[in-house]
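Trainee: I am sharing entry-v6.pdb, which consists of PDB, C-alpha atoms:
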ATOM      1  CA  MET A   1      30.115  29.490 -14.911
ATOM      2  CA  ASP A   2      29.744  26.576 -17.361
ATOM      3  CA  GLN A   3      27.070  23.873 -17.030
ATOM      4  CA  PRO A   4      29.250  21.176 -15.341
ATOM      5  CA  LYS A   5      30.257  23.670 -12.646
ATOM      6  CA  ILE A   6      26.642  24.745 -12.114
ATOM      7  CA  GLU A   7      25.591  21.110 -11.691
ATOM      8  CA  ARG A   8      28.469  20.554  -9.259
ATOM      9  CA  VAL A   9      27.461  23.580  -7.179
ATOM     10  CA  LEU A  10      23.828  22.419  -7.063
ATOM     11  CA  ARG A  11      24.894  18.955  -5.942
ATOM     12  CA  LEU A  12      27.132  20.452  -3.258
ATOM     13  CA  MET A  13      24.295  22.677  -2.029
ATOM     14  CA  LYS A  14      21.971  19.688  -1.824
ATOM     15  CA  MET A  15      24.523  17.620   0.093
ATOM     16  CA  LEU A  16      25.246  20.380   2.599
ATOM     17  CA  ALA A  17      21.502  20.925   3.177
ATOM     18  CA  SER A  18      20.637  17.221   3.484
ATOM     19  CA  GLY A  19      21.324  16.868   7.198
ATOM     20  CA  GLN A  20      23.972  14.221   6.533
ATOM     21  CA  ARG A  21      27.603  14.708   7.589
ATOM     22  CA  TYR A  22      30.226  15.151   4.850
ATOM     23  CA  THR A  23      33.883  16.032   5.207
ATOM     24  CA  VAL A  24      35.640  18.140   2.574
ATOM     25  CA  GLU A  25      37.403  14.978   1.416
ATOM     26  CA  GLN A  26      34.097  13.165   0.926
ATOM     27  CA  LEU A  27      32.563  16.150  -0.875
ATOM     28  CA  ALA A  28      35.524  16.433  -3.223
ATOM     29  CA  GLU A  29      35.449  12.713  -3.984
ATOM     30  CA  ARG A  30      31.695  12.599  -4.664
ATOM     31  CA  LEU A  31      31.780  15.712  -6.834
ATOM     32  CA  ASN A  32      34.970  14.668  -8.616
ATOM     33  CA  THR A  33      36.722  17.935  -7.888
ATOM     34  CA  SER A  34      39.529  19.323  -5.742
ATOM     35  CA  TYR A  35      39.497  20.304  -2.074
ATOM     36  CA  ARG A  36      40.328  23.838  -3.188
ATOM     37  CA  SER A  37      37.202  24.012  -5.355
ATOM     38  CA  ILE A  38      35.019  22.805  -2.471
ATOM     39  CA  TYR A  39      36.364  25.542  -0.216
ATOM     40  CA  ARG A  40      35.812  28.104  -3.000
ATOM     41  CA  TYR A  41      32.190  27.030  -3.503
ATOM     42  CA  ILE A  42      31.558  27.169   0.266
ATOM     43  CA  ASP A  43      32.951  30.705   0.353
ATOM     44  CA  THR A  44      30.579  31.604  -2.489
ATOM     45  CA  PHE A  45      27.623  30.276  -0.487
ATOM     46  CA  LYS A  46      28.639  32.502   2.417
ATOM     47  CA  GLU A  47      28.976  35.539   0.161
ATOM     48  CA  VAL A  48      25.422  35.185  -1.203
ATOM     49  CA  GLY A  49      23.878  34.885   2.271
ATOM     50  CA  PHE A  50      23.953  31.231   3.309
ATOM     51  CA  VAL A  51      24.969  30.348   6.858
ATOM     52  CA  VAL A  52      27.636  27.642   6.692
ATOM     53  CA  HIS A  53      28.628  25.743   9.828
ATOM     54  CA  LYS A  54      31.956  23.977  10.284
ATOM     55  CA  GLU A  55      31.786  21.136  12.784
ATOM     56  CA  GLU A  56      34.382  18.917  14.396
ATOM     57  CA  GLY A  57      36.279  16.817  11.902
ATOM     58  CA  ALA A  58      36.140  19.383   9.086
ATOM     59  CA  VAL A  59      32.453  18.631   8.485
ATOM     60  CA  TYR A  60      30.425  21.375   6.781
ATOM     61  CA  ARG A  61      26.670  21.921   6.548
ATOM     62  CA  LEU A  62      24.238  24.669   5.590
ATOM     63  CA  GLY A  63      22.538  26.125   8.654
ATOM     64  CA  LYS A  64      18.775  25.830   8.788
ATOM     65  CA  GLU A  65      18.687  29.505   9.776
ATOM     66  CA  SER A  66      19.830  30.366   6.244
ATOM     67  CA  PRO A  67      17.108  32.417   4.514
ATOM     68  CA  TYR A  68      17.004  29.901   1.650
ATOM     69  CA  PHE A  69      17.160  26.685   3.666
ATOM     70  CA  LYS A  70      13.410  26.045   3.743
ATOM     71  CA  ASP A  71      13.112  26.632   0.000
ATOM     72  CA  ILE A  72      15.811  24.039  -0.659
ATOM     73  CA  SER A  73      14.128  21.539   1.673
ATOM     74  CA  GLN A  74      10.891  21.800  -0.317
ATOM     75  CA  LEU A  75      12.384  20.630  -3.618
ATOM     76  CA  ILE A  76      10.714  17.682  -5.343
ATOM     77  CA  HIS A  77      11.421  14.299  -3.772
ATOM     78  CA  PHE A  78      11.708  10.805  -5.229
ATOM     79  CA  THR A  79      11.441   7.767  -2.960
ATOM     80  CA  ASP A  80      13.583   4.722  -3.773
ATOM     81  CA  GLU A  81      10.634   2.999  -5.446
ATOM     82  CA  GLU A  82       9.590   6.103  -7.390
ATOM     83  CA  ALA A  83      13.158   6.537  -8.568
ATOM     84  CA  HIS A  84      13.307   2.884  -9.608
ATOM     85  CA  ILE A  85      10.220   3.396 -11.767
ATOM     86  CA  VAL A  86      11.629   6.623 -13.232
ATOM     87  CA  ASN A  87      14.812   4.769 -14.156
ATOM     88  CA  GLN A  88      12.749   2.026 -15.799
ATOM     89  CA  LEU A  89      10.757   4.553 -17.816
ATOM     90  CA  ILE A  90      13.910   6.302 -18.975
ATOM     91  CA  GLY A  91      15.478   2.945 -19.816
ATOM     92  CA  ALA A  92      12.468   2.034 -21.967
ATOM     93  CA  LEU A  93      13.214   4.913 -24.327
ATOM     94  CA  ASP A  94      14.871   3.972 -27.603
ATOM     95  CA  ASP A  95      18.647   4.245 -27.474
ATOM     96  CA  THR A  96      18.543   6.563 -30.471
ATOM     97  CA  ASN A  97      16.437   9.056 -28.521
ATOM     98  CA  THR A  98      18.755  11.949 -27.639
ATOM     99  CA  LEU A  99      16.600  12.827 -24.629
ATOM    100  CA  LYS A 100      17.413   9.486 -22.970
ATOM    101  CA  GLN A 101      21.059  10.183 -22.263
ATOM    102  CA  ASN A 102      20.347  13.829 -21.400
ATOM    103  CA  LEU A 103      17.776  12.791 -18.789
ATOM    104  CA  ARG A 104      20.076  10.210 -17.225
ATOM    105  CA  ARG A 105      23.009  12.605 -17.165
ATOM    106  CA  LYS A 106      21.058  15.464 -15.615
ATOM    107  CA  LEU A 107      19.340  13.337 -12.971
ATOM    108  CA  SER A 108      22.520  11.534 -11.964
ATOM    109  CA  SER A 109      24.582  14.718 -11.914
ATOM    110  CA  ILE A 110      22.113  16.606  -9.713
ATOM    111  CA  TYR A 111      21.087  13.788  -7.367
ATOM    112  CA  ASN A 112      24.212  11.625  -7.544
ATOM    113  CA  CYS A 113      22.558   8.444  -6.284
ATOM    114  CA  THR A 114      20.375   5.552  -7.403
ATOM    115  CA  SER A 115      17.311   6.916  -5.675
ATOM    116  CA  LEU A 116      17.812  10.279  -7.465
ATOM    117  CA  ALA A 117      16.959  12.240  -4.349
ATOM    118  CA  ASN A 118      17.957  10.441  -1.185
ATOM    119  CA  SER A 119      18.375  13.676   0.715
ATOM    120  CA  ILE A 120      15.586  15.880  -0.680
ATOM    121  CA  VAL A 121      12.501  16.491   1.421
ATOM    122  CA  LYS A 122       8.906  16.339   0.252
ATOM    123  CA  GLY A 123       7.420  19.831   0.298
ATOM    124  CA  LYS A 124       4.353  18.896   2.340
ATOM    125  CA  ASN A 125       6.538  17.281   4.993
ATOM    126  CA  ALA A 126       9.232  19.965   5.041
ATOM    127  CA  GLU A 127       8.150  21.597   8.312
ATOM    128  CA  SER A 128       8.130  18.309  10.222
ATOM    129  CA  VAL A 129      11.434  17.242   8.700
ATOM    130  CA  ASN A 130      13.142  20.550   9.492
ATOM    131  CA  ARG A 131      12.105  20.312  13.153
ATOM    132  CA  LEU A 132      13.236  16.695  13.334
ATOM    133  CA  ILE A 133      16.580  17.629  11.766
ATOM    134  CA  GLU A 134      16.965  20.246  14.483
ATOM    135  CA  ALA A 135      16.120  17.674  17.161
ATOM    136  CA  VAL A 136      18.621  15.141  15.802
ATOM    137  CA  GLU A 137      21.380  17.734  15.528
ATOM    138  CA  SER A 138      20.746  19.170  19.002
ATOM    139  CA  ARG A 139      20.031  15.721  20.502
ATOM    140  CA  HIS A 140      16.670  16.736  21.924
ATOM    141  CA  GLN A 141      13.432  14.890  22.538
ATOM    142  CA  VAL A 142      10.247  15.720  20.616
ATOM    143  CA  VAL A 143       6.541  14.977  20.723
ATOM    144  CA  LEU A 144       4.999  13.652  17.524
ATOM    145  CA  HIS A 145       1.487  15.042  17.870
ATOM    146  CA  ASP A 146      -1.450  13.046  16.494
ATOM    147  CA  TYR A 147       0.723  10.332  14.996
ATOM    148  CA  TYR A 148      -1.427   7.887  13.039
ATOM    149  CA  SER A 149      -0.517   4.234  13.598
ATOM    150  CA  SER A 150      -1.393   1.834  10.788
ATOM    151  CA  ASN A 151      -1.273  -1.052  13.278
ATOM    152  CA  THR A 152      -3.804   0.308  15.793
ATOM    153  CA  ARG A 153      -5.513   2.613  13.270
ATOM    154  CA  SER A 154      -5.608   5.371  15.831
ATOM    155  CA  LYS A 155      -3.947   8.718  16.535
ATOM    156  CA  ARG A 156      -2.019   9.592  19.674
ATOM    157  CA  ASN A 157       0.998  11.636  20.731
ATOM    158  CA  ARG A 158       4.397   9.912  20.760
ATOM    159  CA  HIS A 159       7.208  11.085  23.066
ATOM    160  CA  VAL A 160      10.412  10.123  21.262
ATOM    161  CA  GLU A 161      14.110  10.757  20.764
ATOM    162  CA  PRO A 162      14.715  11.164  16.983
ATOM    163  CA  ILE A 163      17.836   9.276  15.867
ATOM    164  CA  SER A 164      18.193   9.295  12.078
ATOM    165  CA  PHE A 165      16.218   9.450   8.852
ATOM    166  CA  THR A 166      15.908   6.798   6.234
ATOM    167  CA  THR A 167      17.797   7.703   3.069
ATOM    168  CA  ASN A 168      14.782   9.350   1.502
ATOM    169  CA  TYR A 169      13.447  11.344   4.491
ATOM    170  CA  VAL A 170      10.126   9.495   4.320
ATOM    171  CA  GLN A 171      10.643   7.815   7.695
ATOM    172  CA  ILE A 172      12.712   8.370  10.817
ATOM    173  CA  TRP A 173      14.166   6.047  13.441
ATOM    174  CA  CYS A 174      13.179   7.171  16.942
ATOM    175  CA  TYR A 175      13.527   5.807  20.446
ATOM    176  CA  ASP A 176      10.007   5.641  21.926
ATOM    177  CA  VAL A 177      10.407   6.869  25.513
ATOM    178  CA  GLU A 178       7.127   5.339  26.643
ATOM    179  CA  ASP A 179       7.655   1.868  25.115
ATOM    180  CA  GLY A 180      11.435   1.771  25.583
ATOM    181  CA  LYS A 181      12.048   0.629  21.990
ATOM    182  CA  THR A 182      13.522   2.020  18.783
ATOM    183  CA  LYS A 183      10.833   2.273  16.119
ATOM    184  CA  LEU A 184      10.367   3.564  12.595
ATOM    185  CA  PHE A 185       7.916   6.453  12.190
ATOM    186  CA  ASN A 186       6.414   7.613   8.901
ATOM    187  CA  ILE A 187       6.848  11.380   8.432
ATOM    188  CA  ALA A 188       3.572  11.746   6.520
ATOM    189  CA  ARG A 189       1.602  10.363   9.491
ATOM    190  CA  ILE A 190       2.834  13.046  11.897
ATOM    191  CA  GLY A 191       0.368  15.811  12.669
ATOM    192  CA  GLU A 192       2.961  18.191  14.137
ATOM    193  CA  VAL A 193       6.427  18.005  15.681
ATOM    194  CA  GLU A 194       7.014  19.736  19.040
ATOM    195  CA  LEU A 195      10.659  20.246  19.963
ATOM    196  CA  LEU A 196      11.170  19.815  23.722
ATOM    197  CA  ASP A 197      13.790  21.396  25.986
ATOM    198  CA  THR A 198      14.734  17.949  27.279
ATOM    199  CA  GLY A 199      17.832  16.404  25.745
ATOM    200  CA  TRP A 200      18.363  12.742  24.902
ATOM    201  CA  GLN A 201      18.259  10.526  27.974
ATOM    202  CA  HIS A 202      18.426   7.045  26.405
ATOM    203  CA  GLU A 203      21.218   7.300  23.842
ATOM    204  CA  ALA A 204      22.781   4.009  24.953
ATOM    205  CA  GLU A 205      19.582   2.245  23.870
ATOM    206  CA  HIS A 206      19.354   3.863  20.434
ATOM    207  CA  ARG A 207      19.447   1.449  17.494
ATOM    208  CA  ARG A 208      19.215   1.894  13.745
ATOM    209  CA  GLY A 209      17.344  -0.772  11.818
ATOM    210  CA  GLU A 210      16.790  -1.564   8.168
ATOM    211  CA  ILE A 211      13.878  -1.807   5.721
ATOM    212  CA  ASP A 212      13.446  -4.680   3.259
ATOM    213  CA  VAL A 213      11.855  -4.770  -0.201
ATOM    214  CA  PHE A 214       8.482  -5.629   1.377
ATOM    215  CA  ARG A 215       8.680  -2.365   3.370
ATOM    216  CA  THR A 216       8.964  -4.086   6.745
ATOM    217  CA  MET A 217      11.523  -2.970   9.314
ATOM    218  CA  GLY A 218      13.787  -4.822  11.676
ATOM    219  CA  PHE A 219      17.253  -5.030  13.165
ATOM    220  CA  GLU A 220      18.365  -8.360  11.694
ATOM    221  CA  LYS A 221      17.934  -9.729   8.170
ATOM    222  CA  ARG A 222      17.057 -13.288   7.194
ATOM    223  CA  ARG A 223      17.482 -14.843   3.786
ATOM    224  CA  VAL A 224      14.410 -16.178   1.971
ATOM    225  CA  GLN A 225      14.122 -17.847  -1.431
ATOM    226  CA  LEU A 226      10.879 -18.165  -3.382
ATOM    227  CA  ARG A 227      10.125 -19.886  -6.682
ATOM    228  CA  LEU A 228       7.582 -17.661  -8.380
ATOM    229  CA  GLY A 229       5.080 -18.357 -11.125
ATOM    230  CA  ILE A 230       3.928 -15.830 -13.700
ATOM    231  CA  LEU A 231       1.130 -14.394 -11.543
ATOM    232  CA  SER A 232       3.151 -14.028  -8.351
ATOM    233  CA  HIS A 233       6.151 -12.637 -10.236
ATOM    234  CA  ASN A 234       4.101  -9.961 -11.989
ATOM    235  CA  LEU A 235       2.246  -8.936  -8.833
ATOM    236  CA  LEU A 236       5.474  -8.844  -6.801
ATOM    237  CA  VAL A 237       7.223  -6.498  -9.232
ATOM    238  CA  GLU A 238       4.139  -4.279  -9.513
ATOM    239  CA  GLU A 239       3.509  -4.014  -5.763
ATOM    240  CA  TYR A 240       7.136  -4.031  -4.562
ATOM    241  CA  PRO A 241       9.293  -2.593  -7.400
ATOM    242  CA  LEU A 242      12.583  -2.862  -5.485
ATOM    243  CA  SER A 243      12.215  -6.653  -5.386
ATOM    244  CA  GLU A 244      13.168  -6.765  -9.062
ATOM    245  CA  ARG A 245      16.795  -6.334  -8.068
ATOM    246  CA  ASP A 246      16.689  -9.738  -6.305
ATOM    247  CA  ILE A 247      14.832 -11.694  -9.005
ATOM    248  CA  LYS A 248      16.362 -14.032 -11.598
ATOM    249  CA  GLN A 249      14.440 -15.845 -14.325
ATOM    250  CA  ILE A 250      14.610 -19.667 -14.168
ATOM    251  CA  ASP A 251      12.624 -20.520 -17.308
ATOM    252  CA  GLU A 252       9.821 -19.090 -19.410
ATOM    253  CA  SER A 253       7.269 -19.242 -16.593
ATOM    254  CA  HIS A 254       9.260 -19.258 -13.344
ATOM    255  CA  TRP A 255      11.499 -16.829 -11.435
ATOM    256  CA  LEU A 256      13.659 -17.076  -8.316
ATOM    257  CA  LEU A 257      13.416 -14.419  -5.618
ATOM    258  CA  ASP A 258      16.523 -14.540  -3.430
ATOM    259  CA  THR A 259      16.315 -11.710  -0.903
ATOM    260  CA  GLU A 260      16.866 -10.735   2.720
ATOM    261  CA  VAL A 261      13.946  -9.628   4.877
ATOM    262  CA  CYS A 262      13.861  -7.793   8.197
ATOM    263  CA  ASN A 263      10.983  -9.930   9.443
ATOM    264  CA  TYR A 264       8.475 -12.353   7.979
ATOM    265  CA  LEU A 265       5.394 -10.138   8.241
ATOM    266  CA  GLY A 266       5.510  -8.485   4.809
ATOM    267  CA  ILE A 267       6.734 -11.455   2.788
ATOM    268  CA  GLY A 268       4.399 -13.731   4.750
ATOM    269  CA  ARG A 269       1.332 -11.757   3.712
ATOM    270  CA  PHE A 270       2.462 -11.869   0.101
ATOM    271  CA  VAL A 271       3.109 -15.621   0.057
ATOM    272  CA  MET A 272      -0.113 -16.550   1.864
ATOM    273  CA  GLY A 273      -2.133 -14.534  -0.605
ATOM    274  CA  LEU A 274      -0.588 -16.334  -3.594
ATOM    275  CA  ALA A 275       0.332 -19.700  -2.063
ATOM    276  CA  GLU A 276      -0.765 -21.712  -5.100
ATOM    277  CA  ASP A 277       1.731 -19.864  -7.326
ATOM    278  CA  ILE A 278       4.734 -19.763  -4.951
ATOM    279  CA  GLU A 279       7.153 -22.407  -3.670
ATOM    280  CA  VAL A 280       9.336 -21.645  -0.639
ATOM    281  CA  ILE A 281      12.891 -22.903  -1.199
ATOM    282  CA  GLU A 282      15.598 -23.586   1.407
ATOM    283  CA  SER A 283      13.983 -21.317   4.005
ATOM    284  CA  PRO A 284      12.965 -23.640   6.897
ATOM    285  CA  ASP A 285      12.425 -20.853   9.445
ATOM    286  CA  PHE A 286      10.092 -19.060   7.068
ATOM    287  CA  VAL A 287       8.179 -22.313   6.426
ATOM    288  CA  ASP A 288       7.718 -22.733  10.193
ATOM    289  CA  TYR A 289       6.431 -19.153  10.401
ATOM    290  CA  LEU A 290       3.875 -19.814   7.657
ATOM    291  CA  ARG A 291       2.678 -23.018   9.311
ATOM    292  CA  GLN A 292       2.164 -21.210  12.609
ATOM    293  CA  LYS A 293       0.223 -18.407  10.906
ATOM    294  CA  ILE A 294      -1.958 -20.864   9.005
ATOM    295  CA  ALA A 295      -2.667 -22.771  12.228
ATOM    296  CA  THR A 296      -4.188 -19.630  13.774
ATOM    297  CA  ILE A 297      -6.660 -19.112  10.915
ATOM    298  CA  GLU A 298     -10.251 -19.983  11.729
ATOM    299  CA  PHE A 299     -12.474 -21.222   8.892
TER     300      PHE A 299
END
Please express the file's structure as structure tokens.

Mentor:
Amino acid sequence: MDQPKIERVLRLMKMLASGQRYTVEQLAERLNTSYRSIYRYIDTFKEVGFVVHKEEGAVYRLGKESPYFKDISQLIHFTDEEAHIVNQLIGALDDTNTLKQNLRRKLSSIYNCTSLANSIVKGKNAESVNRLIEAVESRHQVVLHDYYSSNTRSKRNRHVEPISFTTNYVQIWCYDVEDGKTKLFNIARIGEVELLDTGWQHEAEHRRGEIDVFRTMGFEKRRVQLRLGILSHNLLVEEYPLSERDIKQIDESHWLLDTEVCNYLGIGRFVMGLAEDIEVIESPDFVDYLRQKIATIEF
């Protein structure tokens, strides 16, 4: 088998093991190959010992009971921000460097997405992720034992209904049975996942939110524009690398951030910490939020 075919097979294996749902048509389109080739590769997986499930709608996936499933799930993982930095580092190489194009080609061919690994699981979190995948697929409730909350800075068990992962498997959307709300939980903060016999009971209330460049979550996005100076621009790009996609340079010492945020908490902290170097533009609701926050500060 030549190198392009090997890369295609590896990409197909990764997609089938990701927990996401792909039809044969989608697989063929993403891998730039024929339906017939996809079926042939799937047959090969079966022959070498993988368990392949066919679901309604001609959707295929590798079964977690496959002897190699756990090994695949423990491959190296890049988050969106890590991948952004990797892309920047590769881009900084001289165009005459033959390694530059080889690195880009290999990474894009294996991972086939901007984040380089939006469906690969961190090794240390693989056990929790595998159990959560099982819970999502079987539509069962779980207990997240000793979950550490950054808000309360305490650990306690969370009784939840897992809904779906973020694209990089770092977090998962869950319906909190006790609080009656959909929340985002960080996989790394889970002590252990206990799969319960109880199935979903609140599916009608499940929601899937979004995450903005300031790493805050929410269910609706609001547009905010900031005029940044040199200091605030440099700190923003360093602390929140994904924000660079929404930044345009105005002149030698000023930049415009035009982005959408899920709530004002993350961007509010950033602006209040660098208020002398930032101007809020055409964002009246955000200005009102800042005024209210400032009014609560005691000096």

Trainee: Grab the atom CA of Arg291 of chain A to atom CA of Glu210 of chain A distance for me, in Å with one decimal place.

Mentor: 25.7 Å

Trainee: Once 4 Å is added on each side, what are the centre and the three edge lengths, in Å to one decimal, of the axis-aligned box enclosing the listed atoms of segment 141-149 of chain A? Present them as AutoDock Vina command-line options.

Mentor:
--center_x 6.0 --center_y 10.0 --center_z 17.8 --size_x 22.9 --size_y 19.5 --size_z 17.5

Trainee: Hey, can you pull every residue with an atom no more than 8 Å from (23.5, 31.3, 8.0), using all atoms listed in the file, and send it as a PDB file with C-alpha atoms, in the coordinates of the input?

Mentor:
ATOM      1  CA  LYS A  46      28.639  32.502   2.417  1.00  0.00           C
ATOM      2  CA  GLY A  49      23.878  34.885   2.271  1.00  0.00           C
ATOM      3  CA  PHE A  50      23.953  31.231   3.309  1.00  0.00           C
ATOM      4  CA  VAL A  51      24.969  30.348   6.858  1.00  0.00           C
ATOM      5  CA  VAL A  52      27.636  27.642   6.692  1.00  0.00           C
ATOM      6  CA  HIS A  53      28.628  25.743   9.828  1.00  0.00           C
ATOM      7  CA  LEU A  62      24.238  24.669   5.590  1.00  0.00           C
ATOM      8  CA  GLY A  63      22.538  26.125   8.654  1.00  0.00           C
ATOM      9  CA  LYS A  64      18.775  25.830   8.788  1.00  0.00           C
ATOM     10  CA  GLU A  65      18.687  29.505   9.776  1.00  0.00           C
ATOM     11  CA  SER A  66      19.830  30.366   6.244  1.00  0.00           C
ATOM     12  CA  PRO A  67      17.108  32.417   4.514  1.00  0.00           C
TER      13      PRO A  67
END

Trainee: Applied to the shown file, which residues does the PyMOL selection byres ((chain A and resi 181) around 12) return, written as a list in words?

Mentor: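 For this structure, the PyMOL selection byres ((chain A and resi 181) around 12) captures His159, Val160, Glu161, Pro162, Trp173, Cys174, Tyr175, Asp176, Val177, Glu178, Asp179, Gly180, Thr182, Lys183, Leu184, His202, Glu203, Ala204, Glu205, His206, Arg207, Arg208, Gly209, Gly218 and Phe219 of chain A.
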
Trainee: Give me a file of those residues, with C-alpha atoms, as an mmCIF file, keeping the file's coordinate frame.

Mentor:
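Here's the written file result01.cif:
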data_model
loop_
_atom_site.group_PDB
_atom_site.id
_atom_site.type_symbol
_atom_site.label_atom_id
_atom_site.label_comp_id
_atom_site.auth_asym_id
_atom_site.auth_seq_id
_atom_site.Cartn_x
_atom_site.Cartn_y
_atom_site.Cartn_z
ATOM 1 C CA HIS A 159 7.208 11.085 23.066
ATOM 2 C CA VAL A 160 10.412 10.123 21.262
ATOM 3 C CA GLU A 161 14.110 10.757 20.764
ATOM 4 C CA PRO A 162 14.715 11.164 16.983
ATOM 5 C CA TRP A 173 14.166 6.047 13.441
ATOM 6 C CA CYS A 174 13.179 7.171 16.942
ATOM 7 C CA TYR A 175 13.527 5.807 20.446
ATOM 8 C CA ASP A 176 10.007 5.641 21.926
ATOM 9 C CA VAL A 177 10.407 6.869 25.513
ATOM 10 C CA GLU A 178 7.127 5.339 26.643
ATOM 11 C CA ASP A 179 7.655 1.868 25.115
ATOM 12 C CA GLY A 180 11.435 1.771 25.583
ATOM 13 C CA THR A 182 13.522 2.020 18.783
ATOM 14 C CA LYS A 183 10.833 2.273 16.119
ATOM 15 C CA LEU A 184 10.367 3.564 12.595
ATOM 16 C CA HIS A 202 18.426 7.045 26.405
ATOM 17 C CA GLU A 203 21.218 7.300 23.842
ATOM 18 C CA ALA A 204 22.781 4.009 24.953
ATOM 19 C CA GLU A 205 19.582 2.245 23.870
ATOM 20 C CA HIS A 206 19.354 3.863 20.434
ATOM 21 C CA ARG A 207 19.447 1.449 17.494
ATOM 22 C CA ARG A 208 19.215 1.894 13.745
ATOM 23 C CA GLY A 209 17.344 -0.772 11.818
ATOM 24 C CA GLY A 218 13.787 -4.822 11.676
ATOM 25 C CA PHE A 219 17.253 -5.030 13.165
#

Trainee: Ranking A:Lys54, A:Arg227, A:Arg245, A:Arg215 by minimum distance to Ile267 of chain A and counting all atoms listed in the file, which one comes first?

Mentor: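 Closest to Ile267 of chain A, using all atoms listed in the file: A:Arg215.
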
Trainee: So which one's closest to Lys14 of chain A, A:Glu239, A:Ile281, A:Arg61, A:Asn32? Using all atoms listed in the file, please.

Mentor: A:Arg61

Trainee: Quote the spacing between atom CA of Asn263 of chain A and atom CA of Asp285 of chain A in Å to one decimal place.

Mentor: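 Here the two named atoms are 11.0 Å from each other.
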
Trainee: Considering all atoms listed in the file, return as a compact mmCIF listing (two decimals) with C-alpha atoms, in the frame of the given file whatever protein or nucleic-acid residues lie within 8 Å of Gln225 of chain A, sequence-local ones (same chain, fewer than 6 positions apart) excluded.

Mentor:
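Contents of result.txt, freshly written:
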# COMPACT_ATOMS: atom_id res chain seq x y z
CA LEU A 256 13.66 -17.08 -8.32
CA LEU A 257 13.42 -14.42 -5.62
CA ASP A 258 16.52 -14.54 -3.43
CA THR A 259 16.32 -11.71 -0.90
CA VAL A 280 9.34 -21.64 -0.64
CA ILE A 281 12.89 -22.90 -1.20
CA GLU A 282 15.60 -23.59 1.41
CA SER A 283 13.98 -21.32 4.00

Trainee: What's the 10 Å shell around His140 of chain A, counting all atoms listed in the file, without same-chain residues fewer than 2 positions away, as an mmCIF file with C-alpha atoms, in the frame of the given file?

Mentor:
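What ended up in result_28.cif:
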data_model
loop_
_atom_site.group_PDB
_atom_site.id
_atom_site.type_symbol
_atom_site.label_atom_id
_atom_site.label_comp_id
_atom_site.auth_asym_id
_atom_site.auth_seq_id
_atom_site.Cartn_x
_atom_site.Cartn_y
_atom_site.Cartn_z
ATOM 1 C CA LEU A 132 13.236 16.695 13.334
ATOM 2 C CA GLU A 134 16.965 20.246 14.483
ATOM 3 C CA ALA A 135 16.120 17.674 17.161
ATOM 4 C CA VAL A 136 18.621 15.141 15.802
ATOM 5 C CA GLU A 137 21.380 17.734 15.528
ATOM 6 C CA SER A 138 20.746 19.170 19.002
ATOM 7 C CA VAL A 142 10.247 15.720 20.616
ATOM 8 C CA VAL A 160 10.412 10.123 21.262
ATOM 9 C CA GLU A 161 14.110 10.757 20.764
ATOM 10 C CA PRO A 162 14.715 11.164 16.983
ATOM 11 C CA ILE A 163 17.836 9.276 15.867
ATOM 12 C CA LEU A 195 10.659 20.246 19.963
ATOM 13 C CA LEU A 196 11.170 19.815 23.722
ATOM 14 C CA ASP A 197 13.790 21.396 25.986
ATOM 15 C CA THR A 198 14.734 17.949 27.279
ATOM 16 C CA GLY A 199 17.832 16.404 25.745
ATOM 17 C CA TRP A 200 18.363 12.742 24.902
ATOM 18 C CA GLN A 201 18.259 10.526 27.974
#

Trainee: Name the residues in contact with Ile294 of chain A at a cut-off of 10 Å, using all atoms listed in the file, excluding same-chain residues fewer than 5 positions from it; report them as a list in words.

Mentor: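 The neighbour list is Met272, Asp288 and Tyr289 of chain A.
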
Trainee: Would you compute the distance between atom CA of Ser37 of chain A and atom CA of Ile6 of chain A? Give it in Å to one decimal.

Mentor: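 A separation of 12.6 Å between them.
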
Trainee: Add whatever atoms are absent from segment 174-182 of chain A to reach N, CA and C atoms, and provide the output as a PDB file, in the frame of the given file.

Mentor:
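Output below, filename selection10.pdb:
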ATOM      1  N   CYS A 174      13.300   6.465  15.663  1.00  0.00           N
ATOM      2  CA  CYS A 174      13.179   7.171  16.942  1.00  0.00           C
ATOM      3  C   CYS A 174      13.139   6.171  18.094  1.00  0.00           C
ATOM      4  N   TYR A 175      13.663   6.600  19.230  1.00  0.00           N
ATOM      5  CA  TYR A 175      13.527   5.807  20.446  1.00  0.00           C
ATOM      6  C   TYR A 175      12.241   6.260  21.135  1.00  0.00           C
ATOM      7  N   ASP A 176      11.282   5.340  21.293  1.00  0.00           N
ATOM      8  CA  ASP A 176      10.007   5.641  21.926  1.00  0.00           C
ATOM      9  C   ASP A 176      10.207   5.604  23.445  1.00  0.00           C
ATOM     10  N   VAL A 177      10.135   6.761  24.075  1.00  0.00           N
ATOM     11  CA  VAL A 177      10.407   6.869  25.513  1.00  0.00           C
ATOM     12  C   VAL A 177       9.412   6.059  26.325  1.00  0.00           C
ATOM     13  N   GLU A 178       8.164   6.048  25.899  1.00  0.00           N
ATOM     14  CA  GLU A 178       7.127   5.339  26.643  1.00  0.00           C
ATOM     15  C   GLU A 178       7.286   3.819  26.538  1.00  0.00           C
ATOM     16  N   ASP A 179       7.557   3.317  25.330  1.00  0.00           N
ATOM     17  CA  ASP A 179       7.655   1.868  25.115  1.00  0.00           C
ATOM     18  C   ASP A 179       9.054   1.327  25.345  1.00  0.00           C
ATOM     19  N   GLY A 180      10.063   2.219  25.371  1.00  0.00           N
ATOM     20  CA  GLY A 180      11.435   1.771  25.583  1.00  0.00           C
ATOM     21  C   GLY A 180      12.007   0.989  24.413  1.00  0.00           C
ATOM     22  N   LYS A 181      11.584   1.332  23.184  1.00  0.00           N
ATOM     23  CA  LYS A 181      12.048   0.629  21.990  1.00  0.00           C
ATOM     24  C   LYS A 181      12.357   1.622  20.875  1.00  0.00           C
ATOM     25  N   THR A 182      13.277   1.236  19.987  1.00  0.00           N
ATOM     26  CA  THR A 182      13.522   2.020  18.783  1.00  0.00           C
ATOM     27  C   THR A 182      12.527   1.587  17.719  1.00  0.00           C
TER      28      THR A 182
END
